[in-house]
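**Student:** run-v7.cif (mmCIF, C-alpha atoms and all ligand atoms) pasted underneath:
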data_run
loop_
_atom_site.label_atom_id
_atom_site.label_comp_id
_atom_site.auth_asym_id
_atom_site.auth_seq_id
_atom_site.Cartn_x
_atom_site.Cartn_y
_atom_site.Cartn_z
CA MET A 1 7.57 26.61 46.73
CA ASN A 2 9.28 24.26 44.28
CA LYS A 3 7.78 20.92 45.29
CA THR A 4 5.12 19.09 43.30
CA ASN A 5 2.45 17.60 45.53
CA ILE A 6 -0.36 15.79 43.75
CA VAL A 7 -3.59 14.52 45.26
CA LEU A 8 -4.63 11.58 43.09
CA PHE A 9 -8.31 11.40 43.82
CA GLY A 10 -11.20 9.13 42.92
CA PRO A 11 -13.42 6.31 44.13
CA PRO A 12 -12.14 2.83 44.96
CA GLY A 13 -11.31 1.09 41.70
CA ALA A 14 -10.67 4.32 39.77
CA GLY A 15 -7.06 3.29 39.06
CA LYS A 16 -5.26 5.52 41.58
CA GLY A 17 -2.67 2.87 42.51
CA THR A 18 -1.92 1.94 38.90
CA GLN A 19 -1.58 5.55 37.76
CA SER A 20 0.47 6.53 40.84
CA LYS A 21 3.24 4.13 39.84
CA PHE A 22 3.53 5.78 36.45
CA LEU A 23 3.48 9.36 37.81
CA MET A 24 6.04 8.44 40.46
CA ASP A 25 8.53 7.35 37.78
CA ARG A 26 7.80 10.19 35.39
CA TYR A 27 8.08 13.01 37.93
CA GLY A 28 10.36 11.43 40.58
CA LEU A 29 7.75 11.81 43.30
CA GLN A 30 7.23 9.70 46.43
CA HIS A 31 4.03 7.66 46.50
CA LEU A 32 2.03 7.76 49.73
CA SER A 33 -0.99 5.48 49.86
CA THR A 34 -2.80 5.34 53.20
CA GLY A 35 -4.41 2.04 52.13
CA ASP A 36 -0.94 0.50 51.53
CA LEU A 37 0.37 1.92 54.82
CA LEU A 38 -2.62 0.49 56.71
CA ARG A 39 -2.25 -2.92 55.04
CA ALA A 40 1.44 -2.93 56.11
CA GLU A 41 0.34 -2.26 59.71
CA ILE A 42 -2.12 -5.17 59.49
CA GLN A 43 0.59 -7.43 58.06
CA ALA A 44 2.95 -6.48 60.91
CA GLU A 45 0.13 -7.11 63.42
CA THR A 46 0.63 -3.76 65.15
CA PRO A 47 -2.03 -2.36 67.51
CA LEU A 48 -2.86 0.25 64.87
CA GLY A 49 -3.26 -2.52 62.28
CA LYS A 50 -5.58 -4.45 64.55
CA GLN A 51 -7.69 -1.34 65.12
CA ALA A 52 -7.90 -0.59 61.38
CA GLN A 53 -8.54 -4.12 60.18
CA GLU A 54 -12.12 -4.38 61.36
CA LEU A 55 -13.12 -1.06 59.80
CA MET A 56 -11.35 -1.86 56.53
CA SER A 57 -12.97 -5.26 56.18
CA ALA A 58 -16.37 -3.61 56.69
CA GLY A 59 -15.56 -1.01 54.01
CA GLU A 60 -15.65 1.86 56.50
CA LEU A 61 -13.12 4.67 56.91
CA VAL A 62 -10.51 4.49 59.68
CA PRO A 63 -10.37 7.53 62.01
CA ASP A 64 -8.88 10.76 60.68
CA GLU A 65 -6.22 10.95 63.46
CA VAL A 66 -4.84 7.57 62.43
CA VAL A 67 -4.31 8.36 58.74
CA VAL A 68 -3.24 11.97 59.34
CA GLY A 69 -0.59 10.72 61.82
CA MET A 70 0.73 8.17 59.33
CA ILE A 71 0.96 10.73 56.53
CA ARG A 72 2.60 13.33 58.77
CA ASN A 73 5.32 10.85 59.80
CA ARG A 74 6.15 10.07 56.17
CA VAL A 75 6.14 13.67 54.99
CA VAL A 76 8.39 14.81 57.84
CA GLU A 77 10.77 11.86 57.26
CA GLU A 78 11.38 12.94 53.66
CA PRO A 79 12.31 16.63 53.76
CA ARG A 80 14.30 16.33 50.55
CA ALA A 81 11.56 14.64 48.49
CA LYS A 82 10.75 16.42 45.22
CA GLY A 83 7.14 16.03 46.24
CA PHE A 84 4.47 13.45 46.94
CA ILE A 85 1.60 11.69 45.25
CA PHE A 86 -1.15 11.30 47.82
CA ASP A 87 -3.23 8.24 46.88
CA GLY A 88 -6.38 7.50 48.86
CA PHE A 89 -5.72 10.49 51.11
CA PRO A 90 -7.36 12.84 51.98
CA ARG A 91 -10.76 11.13 52.22
CA THR A 92 -12.54 13.62 54.51
CA ARG A 93 -12.58 17.37 54.90
CA ALA A 94 -10.72 17.10 58.24
CA GLN A 95 -7.96 15.16 56.47
CA ALA A 96 -7.76 17.73 53.65
CA GLU A 97 -7.44 20.57 56.16
CA ALA A 98 -4.82 18.69 58.18
CA LEU A 99 -2.83 18.05 54.98
CA ASP A 100 -2.92 21.73 54.00
CA THR A 101 -1.79 22.73 57.49
CA MET A 102 1.11 20.28 57.62
CA LEU A 103 2.37 21.21 54.14
CA GLU A 104 2.01 24.91 54.90
CA LYS A 105 4.22 24.50 57.99
CA LEU A 106 6.87 23.04 55.69
CA GLY A 107 6.55 25.99 53.32
CA SER A 108 4.82 23.84 50.73
CA GLY A 109 1.29 23.02 49.52
CA ILE A 110 -0.84 20.97 47.15
CA THR A 111 -0.04 21.70 43.51
CA VAL A 112 -3.02 20.00 41.89
CA MET A 113 -5.87 17.61 42.66
CA LEU A 114 -6.54 15.11 39.88
CA SER A 115 -9.98 13.54 40.17
CA LEU A 116 -10.44 10.29 38.24
CA GLU A 117 -14.09 9.99 37.23
CA VAL A 118 -15.43 6.47 36.65
CA GLU A 119 -18.99 5.15 36.36
CA GLN A 120 -20.20 3.24 39.41
CA GLU A 121 -20.97 -0.12 37.77
CA GLU A 122 -17.54 -0.07 36.11
CA LEU A 123 -15.98 0.40 39.58
CA VAL A 124 -17.83 -2.60 41.00
CA LYS A 125 -16.73 -4.71 38.02
CA ARG A 126 -13.08 -3.62 38.35
CA LEU A 127 -12.95 -4.15 42.13
CA LEU A 128 -14.51 -7.62 42.06
CA GLY A 129 -12.18 -8.51 39.16
CA ARG A 130 -9.18 -7.31 41.16
CA GLY A 131 -10.45 -9.25 44.19
CA ALA A 132 -9.97 -12.49 42.30
CA THR A 133 -6.20 -11.90 42.17
CA SER A 134 -5.19 -9.16 44.64
CA GLY A 135 -5.67 -11.10 47.86
CA ARG A 136 -7.51 -8.07 49.29
CA PRO A 137 -10.49 -9.33 51.28
CA ASP A 138 -12.28 -5.97 50.83
CA ASP A 139 -12.22 -6.49 47.03
CA ARG A 140 -13.91 -9.89 47.16
CA ASN A 141 -17.28 -9.09 48.69
CA GLU A 142 -19.78 -7.11 46.63
CA GLU A 143 -21.50 -5.72 49.72
CA VAL A 144 -18.19 -4.34 51.05
CA VAL A 145 -17.28 -2.97 47.61
CA ARG A 146 -20.59 -1.09 47.43
CA LYS A 147 -20.14 0.15 51.01
CA ARG A 148 -16.72 1.60 50.07
CA ILE A 149 -18.21 3.36 47.04
CA GLY A 150 -20.99 4.69 49.30
CA GLU A 151 -18.42 6.02 51.80
CA TYR A 152 -16.64 7.71 48.91
CA GLU A 153 -19.82 9.38 47.64
CA ALA A 154 -20.88 10.53 51.11
CA LYS A 155 -17.61 11.64 52.72
CA THR A 156 -14.91 11.90 50.07
CA ALA A 157 -16.45 13.17 46.82
CA PRO A 158 -17.42 16.51 48.48
CA LEU A 159 -13.68 17.27 48.71
CA LYS A 160 -13.83 18.16 45.03
CA ASP A 161 -15.53 21.38 46.12
CA TYR A 162 -12.79 22.00 48.69
CA TYR A 163 -10.07 21.85 46.03
CA LYS A 164 -12.23 23.58 43.41
CA ALA A 165 -12.49 26.57 45.73
CA GLN A 166 -8.67 26.66 45.75
CA GLY A 167 -8.57 26.43 41.93
CA LYS A 168 -6.78 23.06 42.11
CA LEU A 169 -9.42 20.59 40.90
CA ARG A 170 -8.86 18.85 37.55
CA ARG A 171 -11.48 16.29 36.50
CA ILE A 172 -10.04 13.40 34.49
CA ASP A 173 -12.07 10.87 32.50
CA GLY A 174 -11.08 7.60 34.18
CA MET A 175 -12.85 5.33 31.68
CA GLY A 176 -10.94 3.53 28.91
CA SER A 177 -7.44 2.10 28.65
CA ILE A 178 -4.73 2.63 31.28
CA ASP A 179 -2.49 4.36 28.71
CA HIS A 180 -5.18 6.81 27.64
CA ILE A 181 -5.92 7.71 31.26
CA THR A 182 -2.20 8.25 31.89
CA ASP A 183 -2.04 10.61 28.88
CA ARG A 184 -4.96 12.62 30.29
CA LEU A 185 -3.26 12.88 33.70
CA VAL A 186 0.00 14.06 32.15
CA ALA A 187 -1.87 16.65 30.07
CA ALA A 188 -3.59 17.94 33.20
CA ILE A 189 -0.30 18.19 35.13
CA GLU A 190 1.68 19.81 32.33
CA GLY A 191 -1.11 21.76 30.68
P1 LIG B 201 -7.58 1.91 49.65
O1 LIG B 201 -6.41 0.99 49.52
O2 LIG B 201 -7.24 3.33 49.42
O3 LIG B 201 -8.76 1.44 48.82
O4 LIG B 201 -8.06 1.84 51.18
C1 LIG B 201 -8.52 0.62 51.75
C2 LIG B 201 -9.25 0.92 53.06
O5 LIG B 201 -8.35 1.53 53.98
C3 LIG B 201 -10.42 1.88 52.95
O6 LIG B 201 -11.63 1.22 52.58
C4 LIG B 201 -10.48 2.44 54.38
O7 LIG B 201 -11.07 1.50 55.27
C5 LIG B 201 -9.00 2.54 54.74
N1 LIG B 201 -8.42 3.87 54.36
C6 LIG B 201 -7.45 4.09 53.44
N2 LIG B 201 -7.14 5.39 53.36
C7 LIG B 201 -7.96 6.04 54.24
C8 LIG B 201 -8.16 7.39 54.59
N3 LIG B 201 -7.45 8.38 54.01
N4 LIG B 201 -9.09 7.67 55.54
C9 LIG B 201 -9.80 6.70 56.13
N5 LIG B 201 -9.70 5.39 55.82
C10 LIG B 201 -8.78 5.05 54.88
#
Would you kindly transcribe this structure into structure tokens?
Ligand code: AMP
**Tutor:**
Amino acid sequence: MNKTNIVLFGPPGAGKGTQSKFLMDRYGLQHLSTGDLLRAEIQAETPLGKQAQELMSAGELVPDEVVVGMIRNRVVEEPRAKGFIFDGFPRTRAQAEALDTMLEKLGSGITVMLSLEVEQEELVKRLLGRGATSGRPDDRNEEVVRKRIGEYEAKTAPLKDYYKAQGKLRRIDGMGSIDHITDRLVAAIEG
């Protein structure tokens, strides 16, 4: 197995999107963000986009089948990719298991899971700040922001145990400057 597949993990507002761009360039990996893929479906007004929109604007997760299907299509389309950065996926145990199964069928697997750890009030501050400029409706409403963090704590954070059991969990301090956080991620990947 010579591919590098990274799960970039963390709550909403942890900096996954920002850090993904850097890791993509440094390691030549493809960036797969289920949030970005879903927003593209909404933009294109597809049936899938219409189904997802309501859940996303309420800060709830979209069904596992939907995101797993989107990720599978992308992974299969890019057999020659050096590897992927999964951003915002997996978010449930069913998604994590589906990801392992699909990569295994391709003779590959997850290399490492990098978990960005950020204090809750800092997340709320960052998301509402981003909402002022990002045009994302789910970043503008404090109630929705807190709902998303709650969904993360309830359904997504337990995945740390899933990857820990596989020896792949690396916890990264996600507080501080973007550059410092990047340095910590690189150290975890190369260390
Ligand atoms: P994000 O851009 O990762 O913050 O995702 C924005 C929204 O898209 C989330 O609040 C969910 O409603 C939905 N979403 C993105 N990725 C997933 C996923 N892996 N599983 C379920 N819902 C997701």
**Student:** At a cut-off of 7 Å around ligand LIG 201 (chain B), and using only C-alpha atoms and all ligand atoms, what residues come up? Please write them as an MDAnalysis selection string.
**Tutor:** chainID A and resid 12 33:36 38 55:56 59:64 67 87:92 148
**Student:** Contacts of segment 24-26 of chain A at 10 Å or less, counting all atoms listed in the file, minus same-chain residues fewer than 6 places along, as an MDAnalysis selection string?
**Tutor:** chainID A and resid 83:85 186
**Student:** Using only C-alpha atoms, which residues sit within 6 Å of Tyr152 of chain A once same-chain residues fewer than 4 positions away are excluded, as a list in words?
**Tutor:**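 That gives Pro11, Thr156 and Ala157 of chain A.
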**Student:** May I have the residues at most 12 Å from (2.1, 4.4, 38.0) in the file's coordinates, counting all atoms listed in the file, as a list of chain:residue names?
**Tutor:**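 Those residues lying close to the given coordinates are A:Leu8, A:Gly15, A:Lys16, A:Gly17, A:Thr18, A:Gln19, A:Ser20, A:Lys21, A:Phe22, A:Leu23, A:Met24, A:Asp25, A:Arg26, A:Tyr27, A:Gly28, A:Leu29, A:Gln30, A:His31, A:Ile85, A:Asp87, A:Ile178, A:Asp179, A:Ile181, A:Thr182, A:Asp183, A:Leu185, A:Val186.
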**Student:** Restricting the calculation to only C-alpha atoms: of A:Ile189, A:Leu103, A:Leu114, A:Leu127, which residue gets closest to Val76 of chain A?
**Tutor:**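 Counting only C-alpha atoms, the residue closest to Val76 of chain A is A:Leu103.
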**Student:** Using all atoms listed in the file, which of the listed residues (A:Gly135, A:Val112, A:Leu128, A:Gln120) sits closest to Lys164 of chain A?
**Tutor:**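 Smallest separation from Lys164 of chain A among the options: A:Val112.
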**Student:** Could you build a table of the residues in segment 49-117 of chain A lying no more than 10 Å from segment 169-172 of chain A, giving for each the nearest pair of atoms and their separation in Å rounded to one decimal place, using only C-alpha atoms, ordered by chain and ascending residue number, as a Markdown table?
**Tutor:**
| residue | atom | partner | partner_atom | distance |
| --- | --- | --- | --- | --- |
| A:Thr111 | CA | A:Leu169 | CA | 9.8 |
| A:Val112 | CA | A:Leu169 | CA | 6.5 |
| A:Met113 | CA | A:Leu169 | CA | 5.0 |
| A:Leu114 | CA | A:Arg170 | CA | 5.0 |
| A:Ser115 | CA | A:Arg171 | CA | 4.8 |
| A:Leu116 | CA | A:Ile172 | CA | 4.9 |
| A:Glu117 | CA | A:Ile172 | CA | 6.0 |
**Student:** Separation of atom CA of Ala94 of chain A and atom CA of Asp161 of chain A, in Å?
**Tutor:**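 Calculated distance between atom CA of Ala94 of chain A and atom CA of Asp161 of chain A is 13.7 Å.
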**Student:** Please compute the atom CA of His180 of chain A-atom CA of Tyr163 of chain A distance, one decimal, in Å.
**Tutor:**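 Separating atom CA of His180 of chain A from atom CA of Tyr163 of chain A is a distance of 24.3 Å.
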**Student:** Env of Glu119 of chain A: 12 Å cut, atoms = only C-alpha atoms, seq-sep filter 5 positions within chain, self excluded. Answer as a list in words.
**Tutor:**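 The neighbour list is Gly10, Pro11, Pro12, Gly13, Ala14, Val124, Lys125, Arg126, Ile149, Asp173, Gly174, Met175 and Gly176 of chain A.
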